[in-house]
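Text of run_14.cif, listed as mmCIF, C-alpha atoms and all ligand atoms:
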data_run
loop_
_atom_site.label_atom_id
_atom_site.label_comp_id
_atom_site.auth_asym_id
_atom_site.auth_seq_id
_atom_site.Cartn_x
_atom_site.Cartn_y
_atom_site.Cartn_z
CA MET A 1 101.70 135.57 126.24
CA ASP A 2 98.33 133.88 126.30
CA ASN A 3 97.24 131.87 123.29
CA LEU A 4 100.07 132.51 120.83
CA ARG A 5 99.74 131.22 117.28
CA ILE A 6 102.11 129.27 115.11
CA ASN A 7 102.58 129.86 111.37
CA ALA A 8 100.13 127.41 109.75
CA ASP A 9 101.48 127.83 106.20
CA ARG A 10 105.04 127.23 107.28
CA LEU A 11 104.03 124.07 109.17
CA TRP A 12 102.19 122.76 106.09
CA GLU A 13 105.08 123.61 103.74
CA SER A 14 107.56 121.83 106.00
CA LEU A 15 105.35 118.74 106.11
CA MET A 16 105.17 118.73 102.31
CA GLU A 17 108.94 119.23 102.03
CA MET A 18 109.67 116.36 104.42
CA ALA A 19 107.16 114.17 102.55
CA LYS A 20 109.25 114.47 99.37
CA ILE A 21 111.91 112.34 101.09
CA GLY A 22 110.66 108.85 100.31
CA GLY A 23 107.57 110.24 98.56
CA THR A 24 105.64 107.55 96.67
CA LYS A 25 103.71 107.70 93.40
CA LYS A 26 100.44 107.36 95.27
CA GLY A 27 101.18 110.44 97.35
CA GLY A 28 102.41 108.66 100.45
CA VAL A 29 105.80 108.12 102.03
CA CYS A 30 108.12 105.12 102.31
CA ARG A 31 110.90 106.19 104.67
CA LEU A 32 111.86 103.06 106.58
CA ALA A 33 113.88 103.34 109.77
CA LEU A 34 117.65 103.72 109.38
CA THR A 35 117.65 103.76 105.58
CA ASP A 36 119.35 106.46 103.55
CA LEU A 37 115.95 108.18 103.22
CA ASP A 38 115.68 108.24 107.01
CA ARG A 39 119.13 109.87 107.04
CA GLN A 40 117.96 112.50 104.57
CA GLY A 41 114.94 113.29 106.75
CA ARG A 42 117.17 113.58 109.81
CA ASP A 43 119.62 115.83 107.95
CA LEU A 44 116.81 118.14 106.89
CA PHE A 45 115.45 118.28 110.43
CA THR A 46 118.94 119.13 111.73
CA LYS A 47 119.37 121.91 109.16
CA TRP A 48 116.00 123.42 110.07
CA CYS A 49 116.67 123.28 113.82
CA GLU A 50 120.14 124.77 113.53
CA ALA A 51 118.72 127.63 111.46
CA VAL A 52 116.77 128.74 114.54
CA GLY A 53 119.72 128.49 116.89
CA CYS A 54 119.19 125.01 118.32
CA THR A 55 121.87 122.43 118.89
CA VAL A 56 121.14 118.87 117.85
CA SER A 57 122.60 115.89 119.66
CA VAL A 58 122.19 112.18 118.97
CA ASP A 59 122.15 109.30 121.45
CA ALA A 60 123.43 105.73 121.18
CA VAL A 61 120.31 104.45 119.37
CA GLY A 62 120.00 107.43 117.03
CA ASN A 63 117.35 109.41 118.90
CA MET A 64 117.88 113.11 118.08
CA PHE A 65 117.39 116.00 120.50
CA ALA A 66 117.16 119.57 119.19
CA ARG A 67 117.63 121.84 122.17
CA ARG A 68 116.70 125.48 122.57
CA PRO A 69 118.26 126.87 125.74
CA GLY A 70 116.11 128.36 128.47
CA ARG A 71 116.98 131.22 130.79
CA ASP A 72 117.69 128.71 133.52
CA PRO A 73 119.93 125.94 132.13
CA ASN A 74 119.40 123.88 135.28
CA ARG A 75 115.68 123.47 134.77
CA PRO A 76 114.55 120.16 133.24
CA ALA A 77 113.55 120.58 129.60
CA VAL A 78 110.02 120.66 128.26
CA MET A 79 110.08 118.16 125.43
CA THR A 80 108.01 117.25 122.41
CA GLY A 81 108.60 114.99 119.44
CA SER A 82 107.63 111.92 117.45
CA HIS A 83 109.23 109.95 114.60
CA LEU A 84 110.37 110.44 111.00
CA ASP A 85 110.33 106.77 109.95
CA SER A 86 107.24 105.52 108.13
CA GLN A 87 105.46 102.34 107.17
CA PRO A 88 106.36 100.88 103.73
CA THR A 89 103.10 102.32 102.39
CA GLY A 90 102.86 105.15 104.91
CA GLY A 91 101.45 108.65 104.79
CA LYS A 92 102.85 112.16 105.07
CA PHE A 93 101.71 112.84 108.61
CA ASP A 94 102.15 109.80 110.87
CA GLY A 95 105.11 110.82 113.02
CA ALA A 96 106.37 113.63 110.80
CA TYR A 97 103.55 115.84 112.10
CA GLY A 98 104.70 115.53 115.73
CA VAL A 99 108.31 116.28 114.79
CA LEU A 100 107.50 119.22 112.54
CA ALA A 101 104.91 120.62 114.95
CA GLY A 102 107.78 120.68 117.46
CA LEU A 103 109.98 122.42 114.90
CA GLU A 104 107.20 124.94 114.28
CA VAL A 105 107.13 125.64 118.04
CA LEU A 106 110.89 126.32 117.92
CA ARG A 107 110.47 128.59 114.92
CA THR A 108 107.62 130.51 116.53
CA LEU A 109 109.61 131.06 119.73
CA HIS A 110 112.53 132.20 117.57
CA ASP A 111 110.37 134.64 115.51
CA LEU A 112 108.78 136.14 118.60
CA LYS A 113 112.14 136.24 120.43
CA ILE A 114 110.58 134.47 123.38
CA GLU A 115 112.97 133.26 126.03
CA THR A 116 111.56 130.38 128.05
CA GLU A 117 112.59 129.70 131.63
CA ALA A 118 113.18 126.00 130.97
CA PRO A 119 114.99 124.64 127.91
CA VAL A 120 112.77 123.29 125.13
CA GLU A 121 113.68 120.13 123.21
CA VAL A 122 112.27 118.49 120.09
CA VAL A 123 112.97 114.78 119.78
CA VAL A 124 113.10 112.49 116.76
CA TRP A 125 112.73 108.93 118.06
CA THR A 126 114.35 106.11 116.08
CA ASN A 127 112.22 103.33 114.57
CA GLU A 128 108.81 104.06 116.00
CA GLU A 129 107.03 102.04 113.33
CA GLY A 130 108.61 98.66 114.03
CA SER A 131 108.25 97.82 110.36
CA ARG A 132 111.87 97.27 109.34
CA PHE A 133 113.01 96.30 112.84
CA ALA A 134 110.46 94.85 115.32
CA PRO A 135 109.13 95.83 117.76
CA ALA A 136 107.78 99.35 117.42
CA MET A 137 108.69 102.35 119.62
CA MET A 138 112.24 101.04 119.82
CA GLY A 139 114.16 104.31 120.22
CA SER A 140 111.89 105.64 122.94
CA GLY A 141 111.79 102.20 124.58
CA ALA A 142 115.58 102.07 124.72
CA TYR A 143 115.61 105.64 126.01
CA ALA A 144 113.17 104.71 128.79
CA GLY A 145 115.18 101.61 129.73
CA VAL A 146 112.58 99.13 128.49
CA PHE A 147 115.05 97.66 125.98
CA SER A 148 118.77 97.43 126.69
CA LEU A 149 121.24 99.11 124.36
CA GLU A 150 122.73 95.73 123.43
CA GLU A 151 119.42 94.10 122.50
CA THR A 152 118.35 97.16 120.52
CA LEU A 153 121.55 97.31 118.48
CA ALA A 154 121.36 93.55 117.86
CA LYS A 155 117.86 93.53 116.30
CA THR A 156 117.95 92.53 112.65
CA ASP A 157 115.83 93.32 109.61
CA GLU A 158 114.67 90.74 107.05
CA GLU A 159 118.01 90.88 105.24
CA GLY A 160 119.88 90.20 108.48
CA THR A 161 121.27 93.74 108.79
CA SER A 162 121.50 94.73 112.43
CA PHE A 163 119.99 97.89 113.85
CA GLY A 164 123.48 98.89 115.04
CA GLN A 165 125.00 98.40 111.59
CA ALA A 166 122.20 100.33 109.89
CA LEU A 167 122.60 103.14 112.43
CA ARG A 168 126.34 103.38 111.76
CA ASP A 169 125.75 103.19 107.99
CA ILE A 170 123.62 106.34 108.07
CA GLY A 171 126.02 108.08 110.48
CA TYR A 172 123.55 108.53 113.30
CA GLN A 173 125.03 106.61 116.21
CA GLY A 174 125.78 109.05 119.02
CA GLU A 175 126.47 108.63 122.70
CA GLY A 176 124.52 108.22 125.92
CA LEU A 177 121.04 106.84 126.38
CA GLY A 178 118.21 108.12 128.55
CA GLY A 179 118.21 110.25 131.64
CA ARG A 180 117.73 113.71 130.14
CA PRO A 181 115.98 115.82 132.77
CA CYS A 182 112.43 116.30 131.45
CA ALA A 183 109.69 118.34 133.10
CA ALA A 184 107.02 117.38 130.59
CA TYR A 185 106.75 115.50 127.29
CA PHE A 186 103.97 116.34 124.81
CA GLU A 187 103.44 114.53 121.51
CA ALA A 188 101.20 115.79 118.72
CA HIS A 189 99.92 113.18 116.26
CA ILE A 190 97.13 112.57 113.79
CA GLU A 191 94.46 110.38 115.40
CA GLN A 192 94.86 107.55 112.83
CA GLY A 193 91.24 106.57 113.49
CA PRO A 194 87.79 107.96 112.66
CA ILE A 195 86.50 109.28 116.00
CA LEU A 196 87.40 112.99 115.92
CA GLU A 197 86.24 113.44 112.34
CA ALA A 198 82.97 111.62 113.02
CA ASN A 199 82.32 113.83 116.07
CA ALA A 200 83.42 117.03 114.31
CA LYS A 201 86.15 117.69 116.90
CA THR A 202 89.41 119.45 116.09
CA ILE A 203 91.44 118.32 119.09
CA GLY A 204 91.64 114.96 120.80
CA VAL A 205 92.74 115.26 124.41
CA VAL A 206 94.51 111.93 124.76
CA THR A 207 94.02 110.46 128.21
CA GLY A 208 96.08 107.32 127.58
CA ALA A 209 96.82 104.48 125.21
CA GLN A 210 95.53 100.96 124.95
CA GLY A 211 97.72 97.96 125.72
CA GLN A 212 99.31 95.90 123.03
CA ARG A 213 100.88 92.47 122.42
CA TRP A 214 102.84 91.29 119.40
CA TYR A 215 103.42 87.63 118.55
CA GLU A 216 105.34 85.60 115.99
CA ILE A 217 103.88 82.18 115.22
CA THR A 218 105.42 79.34 113.25
CA LEU A 219 103.35 76.39 112.05
CA THR A 220 105.30 73.45 110.69
CA GLY A 221 103.87 70.64 108.58
CA GLN A 222 105.53 68.76 105.75
CA GLU A 223 106.44 69.83 102.25
CA ALA A 224 105.17 67.36 99.70
CA HIS A 225 104.23 67.14 96.03
CA ALA A 226 100.94 68.87 95.18
CA GLY A 227 99.97 66.12 92.71
CA PRO A 228 100.63 62.65 94.10
CA THR A 229 99.94 63.45 97.77
CA PRO A 230 96.34 62.49 98.67
CA MET A 231 94.35 65.08 100.62
CA ALA A 232 94.07 62.85 103.66
CA ARG A 233 97.85 62.50 104.03
CA ARG A 234 98.75 66.18 103.94
CA LYS A 235 100.30 68.31 106.67
CA ASP A 236 99.61 71.64 105.06
CA ALA A 237 100.95 74.49 107.19
CA LEU A 238 99.06 77.10 105.18
CA VAL A 239 95.71 75.47 105.88
CA GLY A 240 96.57 75.71 109.58
CA ALA A 241 97.68 79.31 109.17
CA ALA A 242 94.41 80.16 107.42
CA LYS A 243 92.50 78.91 110.47
CA VAL A 244 94.71 81.04 112.69
CA VAL A 245 94.08 84.14 110.54
CA GLN A 246 90.32 83.57 110.72
CA GLY A 247 90.50 82.83 114.43
CA VAL A 248 92.53 85.94 115.25
CA ASN A 249 89.92 88.02 113.47
CA ALA A 250 87.17 86.26 115.42
CA ILE A 251 88.96 86.98 118.73
CA GLY A 252 88.96 90.67 117.82
CA HIS A 253 85.23 90.59 117.13
CA ALA A 254 84.49 88.60 120.29
CA LEU A 255 86.28 90.94 122.69
CA GLN A 256 84.30 94.07 121.84
CA PRO A 257 84.15 96.78 122.78
CA GLY A 258 87.74 97.78 122.37
CA ALA A 259 89.60 94.81 120.93
CA CYS A 260 91.74 95.00 117.78
CA ALA A 261 93.31 91.86 116.29
CA THR A 262 95.43 91.76 113.14
CA VAL A 263 97.59 89.32 111.22
CA GLY A 264 99.83 91.68 109.24
CA VAL A 265 102.46 89.32 107.83
CA LEU A 266 102.14 85.76 106.55
CA LYS A 267 105.11 83.99 105.00
CA VAL A 268 104.71 80.66 103.26
CA HIS A 269 107.57 78.23 102.77
CA PRO A 270 108.67 77.21 100.21
CA ALA A 271 106.05 79.26 98.33
CA SER A 272 105.99 77.19 95.16
CA ARG A 273 102.66 76.56 93.49
CA ASN A 274 103.07 72.79 93.28
CA VAL A 275 104.51 72.21 96.75
CA ILE A 276 102.25 71.72 99.77
CA PRO A 277 103.41 74.45 102.19
CA GLY A 278 105.67 72.95 104.84
CA GLU A 279 105.98 76.00 107.05
CA CYS A 280 104.13 79.26 107.71
CA TRP A 281 105.27 82.21 109.76
CA LEU A 282 102.83 84.91 110.76
CA THR A 283 102.57 87.92 113.02
CA VAL A 284 99.72 88.83 115.37
CA ASP A 285 99.00 92.32 116.73
CA PHE A 286 96.50 92.42 119.62
CA ARG A 287 95.30 95.60 121.32
CA HIS A 288 92.80 96.39 124.06
CA PRO A 289 92.31 99.29 126.47
CA ASP A 290 91.54 96.78 129.26
CA ASP A 291 94.53 94.65 130.31
CA THR A 292 92.36 91.77 131.56
CA LYS A 293 90.72 91.57 128.12
CA LEU A 294 94.13 91.65 126.47
CA LEU A 295 95.12 88.70 128.63
CA GLU A 296 91.96 86.89 127.58
CA MET A 297 92.91 87.49 123.93
CA ASP A 298 96.28 85.92 124.68
CA ARG A 299 94.60 82.86 126.21
CA ARG A 300 92.30 82.45 123.22
CA LEU A 301 95.17 82.80 120.75
CA ARG A 302 97.14 80.02 122.40
CA ALA A 303 94.10 77.72 122.34
CA LEU A 304 93.37 78.64 118.73
CA VAL A 305 96.88 77.85 117.48
CA ALA A 306 97.03 74.58 119.42
CA GLN A 307 93.72 73.48 117.92
CA ALA A 308 94.63 74.49 114.35
CA ALA A 309 97.91 72.57 114.69
CA GLU A 310 96.21 69.52 116.11
CA GLU A 311 93.62 69.42 113.34
CA GLY A 312 96.29 69.69 110.65
CA GLY A 313 98.94 67.38 112.09
CA LEU A 314 101.27 70.35 112.54
CA THR A 315 103.71 71.47 115.19
CA PHE A 316 103.79 75.06 116.32
CA LYS A 317 105.74 77.74 118.15
CA ILE A 318 104.21 80.91 119.60
CA GLU A 319 106.52 83.68 120.67
CA GLN A 320 105.20 86.84 122.29
CA ILE A 321 107.87 89.31 121.22
CA TRP A 322 106.50 92.49 122.73
CA GLU A 323 103.93 93.75 125.19
CA PHE A 324 102.97 96.90 127.00
CA PRO A 325 99.97 97.48 129.23
CA ALA A 326 97.27 100.12 128.85
CA THR A 327 99.02 103.38 129.72
CA PRO A 328 97.30 106.39 131.31
CA PHE A 329 98.93 109.77 130.65
CA THR A 330 99.70 112.33 133.36
CA PRO A 331 96.42 113.98 134.51
CA GLU A 332 98.02 117.38 135.06
CA LEU A 333 99.39 117.48 131.52
CA VAL A 334 96.19 116.07 130.04
CA ASP A 335 94.41 118.98 131.75
CA ALA A 336 96.93 121.40 130.24
CA VAL A 337 96.10 120.07 126.77
CA ARG A 338 92.37 120.35 127.47
CA ARG A 339 92.75 123.91 128.71
CA GLY A 340 94.85 124.72 125.65
CA ALA A 341 92.09 123.43 123.36
CA GLU A 342 89.51 125.48 125.25
CA ARG A 343 91.61 128.64 125.15
CA GLY A 344 92.12 128.20 121.42
CA GLY A 345 88.37 127.83 120.95
CA TYR A 346 88.73 124.36 119.41
CA ALA A 347 86.02 121.71 119.64
CA HIS A 348 87.63 118.88 121.58
CA GLN A 349 87.00 115.57 123.29
CA ASP A 350 88.87 113.09 125.44
CA ILE A 351 90.13 110.07 123.52
CA ILE A 352 92.22 106.92 124.09
CA SER A 353 95.00 106.24 121.60
CA GLY A 354 94.49 103.12 119.52
CA ALA A 355 97.96 103.38 118.05
CA GLY A 356 101.31 102.94 119.71
CA HIS A 357 103.34 106.11 120.22
CA ASP A 358 106.70 107.05 121.70
CA ALA A 359 104.73 108.94 124.37
CA ILE A 360 103.79 105.55 125.86
CA TYR A 361 107.40 104.83 126.77
CA MET A 362 108.11 108.44 127.70
CA ALA A 363 105.24 108.17 130.20
CA ARG A 364 107.45 105.76 132.17
CA VAL A 365 110.15 108.36 132.76
CA ALA A 366 108.46 111.78 132.56
CA PRO A 367 105.06 113.45 132.88
CA THR A 368 103.47 112.89 129.46
CA ALA A 369 100.41 113.79 127.38
CA MET A 370 99.37 113.74 123.72
CA ILE A 371 97.39 115.94 121.36
CA PHE A 372 95.45 114.38 118.48
CA VAL A 373 94.07 116.03 115.37
CA PRO A 374 91.66 114.37 112.91
CA CYS A 375 92.78 112.61 109.75
CA GLU A 376 90.61 112.13 106.68
CA GLU A 377 88.18 109.23 107.07
CA GLY A 378 90.36 107.97 109.91
CA ILE A 379 92.75 106.36 107.43
CA SER A 380 96.41 105.98 108.37
CA HIS A 381 99.23 103.50 107.62
CA ASN A 382 98.16 104.12 104.04
CA GLU A 383 99.55 106.36 101.32
CA ILE A 384 96.25 108.25 101.10
CA GLU A 385 96.55 109.41 104.74
CA ASN A 386 95.48 113.07 104.84
CA ALA A 387 94.75 115.89 107.28
CA THR A 388 93.77 119.54 106.84
CA PRO A 389 96.25 122.39 107.28
CA GLN A 390 93.75 124.01 109.67
CA ASP A 391 93.51 121.00 111.99
CA LEU A 392 97.26 120.48 111.94
CA ALA A 393 97.77 124.13 112.84
CA ALA A 394 95.20 123.87 115.65
CA GLY A 395 97.04 120.92 117.19
CA CYS A 396 100.32 122.81 116.90
CA ASN A 397 98.81 125.87 118.58
CA VAL A 398 97.67 123.70 121.47
CA LEU A 399 101.17 122.19 121.61
CA LEU A 400 102.85 125.60 121.67
CA ASN A 401 100.67 126.87 124.49
CA ALA A 402 100.93 123.67 126.52
CA MET A 403 104.72 123.75 126.21
CA LEU A 404 104.91 127.41 127.18
CA ASP A 405 102.63 126.70 130.11
CA ARG A 406 105.20 124.16 131.40
CA ALA A 407 108.41 125.93 130.32
CA GLY A 408 107.42 129.38 131.60
CA VAL A 409 108.28 132.60 129.78
CA ALA A 410 111.21 134.63 131.09
CA THR A 411 110.28 138.24 131.73
C1 LIG A 501 102.38 102.33 115.42
O1 LIG A 501 102.38 102.85 114.33
C2 LIG A 501 101.37 101.36 115.79
O2 LIG A 501 101.44 100.23 115.30
O3 LIG A 501 100.45 101.71 116.52
MN MN A 502 103.17 107.41 114.54
MN MN A 503 102.62 104.50 112.46
#
Output the structure of this file as C-alpha cells.
Ligand code: GLV
Ligand code: MN
Ligand code: MN
Amino acid sequence: MDNLRINADRLWESLMEMAKIGGTKKGGVCRLALTDLDRQGRDLFTKWCEAVGCTVSVDAVGNMFARRPGRDPNRPAVMTGSHLDSQPTGGKFDGAYGVLAGLEVLRTLHDLKIETEAPVEVVVWTNEEGSRFAPAMMGSGAYAGVFSLEETLAKTDEEGTSFGQALRDIGYQGEGLGGRPCAAYFEAHIEQGPILEANAKTIGVVTGAQGQRWYEITLTGQEAHAGPTPMARRKDALVGAAKVVQGVNAIGHALQPGACATVGVLKVHPASRNVIPGECWLTVDFRHPDDTKLLEMDRRLRALVAQAAEEGGLTFKIEQIWEFPATPFTPELVDAVRRGAERGGYAHQDIISGAGHDAIYMARVAPTAMIFVPCEEGISHNEIENATPQDLAAGCNVLLNAMLDRAGVAT
C-alpha cells in the first residue's frame, strides 16, 4: 500500500469543471460565499461524492461533510478539505484545490477498492474567504466553537442580507455544529506566495500559520462644498484616510521580517466630486508570524489613526473585528506530510502559511497539518492564479498517503 498514486488528469479535469461555475472572462473565478454559484459548486461536489458511494451531510452553518465509511465505524474520521467560495476576482485553485484533492482521494480509494480502518471525510467549509461576510474562516471557526452559531448566522453582507438568510436561500442549512470525532485533519492548498517556486520545491511542509488581525476604521470629518470652503477650514476625512493608508503600509515595512499590512477596502462618503468627504471607512489586515510583533503593529496603528485624526480635525473609531494568534500545526502530522513528500521523491521544504486557512481553526479541535504546492509567480487572490497539473498531483499524492497513514488500511 506504500506510495499510491492519484489520477492526475482526473484531478485537473475536476478543477477545470468546478472553475466553470463562476468562471470569469479573465480566466478566474467569482464564486462568493452563499450565492447561487456557491450552491452550484456544492451541488456538483455532492454529485461527485455520491457517485463514489459517500454520504454528504450539512451542518448548521452550511459546512459539508462527505463521508466514506471505514471498517471500524467507531474510529474517529481522518478528514481533509478546504473551501469552494472565492474572492470576487479569485482564481481556480484557492480552496477548490483542497476540496477536489480530497475528492480525488475518495475516488482513488474507490477505484482501488481500498477499505480504510477509520472513516474518511472530505469537508467543504463555508465562507473561508471572508469577502462577502467578514471575517474569514467563518464556517471552520463556527465548527471549532470560535464563533457562536447565533453570531455567525447574524453576520450581514453589504446589502444587509444575513448569513443565515443567504444559507437558507441556497438550501444549505443543515443541523448540528462541531464535535465530529476527528483523528487527523489535513488540508492541501496552493502556497499563494512565491517561496516554493523560487526555491524549486514541489511540496511545502506547512509547520504553522502566522497570526492575523482585522480592523474596521471610521474617520469622520465634515461634508462641505468643494468650492467655497477654504483649505484651512476643511475637515476632510479622505485626507486623514490617505495618511492612514500610507501609515499602514509603513508599519508593514517597519516590522520586517515577517510583517504584512494591507488596506483592502476604502469607502468614501458621500463620494461626490464636489463635496469634501465627510466620512471614510477602511479595513486593515495585519499579519505576522510573531505575536509580539503583531501586538506592536496594533499599537502603532492606534497611534497612527489618532495622529491622522488630530491633524485633520477628525474623530475616529477603530474596531478590531477579528484576531487569531500564530498557530503551530501538530508535529506528528507535519512529520507525516514530510515523510510523504520524501517517499514520493518530491523536493520539499518547511514553510509557514502567510494566508489564513480553515486548518487554523481545525488545529484547535483536532491534530492538523497542511500541504502546499507552488503557484505561478506566487500570485493568488487574482484571476491569473495558476498552478501546474504535476504539482497539484504531487500535493494530492502526499495527501492520499498521509491520510492512509492515519486511517490505516483494512486487510
Ligand atoms: C484567506 O484567503 C486569507 O485572507 O488569507
Ligand atoms: Mn484558501
Ligand atoms: Mn483565499
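Considering only C-alpha atoms, the residue among A:Gly340, A:Thr156, A:Ala407, A:Arg180 positioned nearest to Asp72 of chain A is A:Ala407.
Of the listed residues A:Ala184, A:Ala200, A:Ile114, A:Val120, the one whose atoms come nearest to Val56 of chain A is A:Val120, with distances taken using all atoms listed in the file.
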Environment of ligand LIG 501 (chain A) within 10 Å, counting all atoms listed in the file, reported as a PyMOL selection string: chain A and resi 83+85-87+90+94-95+127-131+135-137+192+209-210+212+214+285+287+353-358+380-381
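Take the candidates A:Met370, A:Ile351, A:Leu266, A:Leu103 and check each one against ligand MN 502 (chain A) using only C-alpha atoms and all ligand atoms; the shortest distance goes to A:Met370.
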Listing only residues of segment 192-306 of chain A within 9 Å of segment 312-317 of chain A, what is the closest atom pair and its distance in Å (to one decimal) for each, using all atoms listed in the file, sorted by chain and residue number ascending, as JSON lines?
{"residue": "A:Glu216", "atom": "CA", "partner": "A:Lys317", "partner_atom": "CA", "distance": 8.2}
{"residue": "A:Ile217", "atom": "CA", "partner": "A:Lys317", "partner_atom": "CA", "distance": 5.6}
{"residue": "A:Thr218", "atom": "CA", "partner": "A:Lys317", "partner_atom": "CA", "distance": 5.2}
{"residue": "A:Leu219", "atom": "CA", "partner": "A:Phe316", "partner_atom": "CA", "distance": 4.5}
{"residue": "A:Thr220", "atom": "CA", "partner": "A:Thr315", "partner_atom": "CA", "distance": 5.2}
{"residue": "A:Gly221", "atom": "CA", "partner": "A:Leu314", "partner_atom": "CA", "distance": 4.7}
{"residue": "A:Gln222", "atom": "CA", "partner": "A:Leu314", "partner_atom": "CA", "distance": 8.2}
{"residue": "A:Arg234", "atom": "CA", "partner": "A:Gly312", "partner_atom": "CA", "distance": 8.0}
{"residue": "A:Lys235", "atom": "CA", "partner": "A:Gly313", "partner_atom": "CA", "distance": 5.7}
{"residue": "A:Asp236", "atom": "CA", "partner": "A:Gly312", "partner_atom": "CA", "distance": 6.8}
{"residue": "A:Ala237", "atom": "CA", "partner": "A:Leu314", "partner_atom": "CA", "distance": 6.8}
{"residue": "A:Val239", "atom": "CA", "partner": "A:Gly312", "partner_atom": "CA", "distance": 7.5}
{"residue": "A:Gly240", "atom": "CA", "partner": "A:Gly312", "partner_atom": "CA", "distance": 6.1}
{"residue": "A:Val305", "atom": "CA", "partner": "A:Phe316", "partner_atom": "CA", "distance": 7.5}
{"residue": "A:Ala306", "atom": "CA", "partner": "A:Phe316", "partner_atom": "CA", "distance": 7.5}
Selected segment 231-248 of chain A, written as a tab-separated table (two decimals), in the first residue's frame, N, CA and C atoms:
chain	number	residue	atom	x	y	z
A	231	MET	N	-9.19	76.01	2.21
A	231	MET	CA	-8.41	74.84	2.59
A	231	MET	C	-8.22	74.77	4.10
A	232	ALA	N	-8.00	75.90	4.72
A	232	ALA	CA	-7.68	75.89	6.15
A	232	ALA	C	-8.87	75.48	7.02
A	233	ARG	N	-10.07	75.57	6.48
A	233	ARG	CA	-11.26	75.27	7.30
A	233	ARG	C	-11.78	73.85	7.12
A	234	ARG	N	-11.11	73.06	6.32
A	234	ARG	CA	-11.67	71.76	5.96
A	234	ARG	C	-11.42	70.67	7.02
A	235	LYS	N	-12.39	69.76	7.11
A	235	LYS	CA	-12.21	68.54	7.89
A	235	LYS	C	-12.44	67.38	6.92
A	236	ASP	N	-11.41	67.12	6.16
A	236	ASP	CA	-11.51	66.19	5.03
A	236	ASP	C	-11.13	64.77	5.48
A	237	ALA	N	-12.15	63.93	5.59
A	237	ALA	CA	-11.91	62.57	6.10
A	237	ALA	C	-11.00	61.77	5.18
A	238	LEU	N	-11.07	62.05	3.87
A	238	LEU	CA	-10.25	61.28	2.94
A	238	LEU	C	-8.76	61.62	3.05
A	239	VAL	N	-8.48	62.87	3.38
A	239	VAL	CA	-7.07	63.24	3.60
A	239	VAL	C	-6.53	62.46	4.81
A	240	GLY	N	-7.35	62.36	5.85
A	240	GLY	CA	-6.95	61.55	7.02
A	240	GLY	C	-6.77	60.09	6.64
A	241	ALA	N	-7.72	59.58	5.84
A	241	ALA	CA	-7.65	58.17	5.45
A	241	ALA	C	-6.38	57.91	4.62
A	242	ALA	N	-6.03	58.87	3.78
A	242	ALA	CA	-4.83	58.70	2.96
A	242	ALA	C	-3.59	58.55	3.85
A	243	LYS	N	-3.54	59.32	4.92
A	243	LYS	CA	-2.41	59.19	5.86
A	243	LYS	C	-2.42	57.80	6.51
A	244	VAL	N	-3.62	57.33	6.82
A	244	VAL	CA	-3.71	56.00	7.44
A	244	VAL	C	-3.24	54.92	6.45
A	245	VAL	N	-3.65	55.04	5.20
A	245	VAL	CA	-3.23	54.05	4.20
A	245	VAL	C	-1.71	54.03	4.08
A	246	GLN	N	-1.12	55.20	3.97
A	246	GLN	CA	0.35	55.30	3.90
A	246	GLN	C	0.99	54.74	5.15
A	247	GLY	N	0.42	55.08	6.29
A	247	GLY	CA	0.99	54.66	7.58
A	247	GLY	C	0.91	53.16	7.79
A	248	VAL	N	-0.21	52.56	7.36
A	248	VAL	CA	-0.35	51.10	7.49
A	248	VAL	C	0.74	50.41	6.67
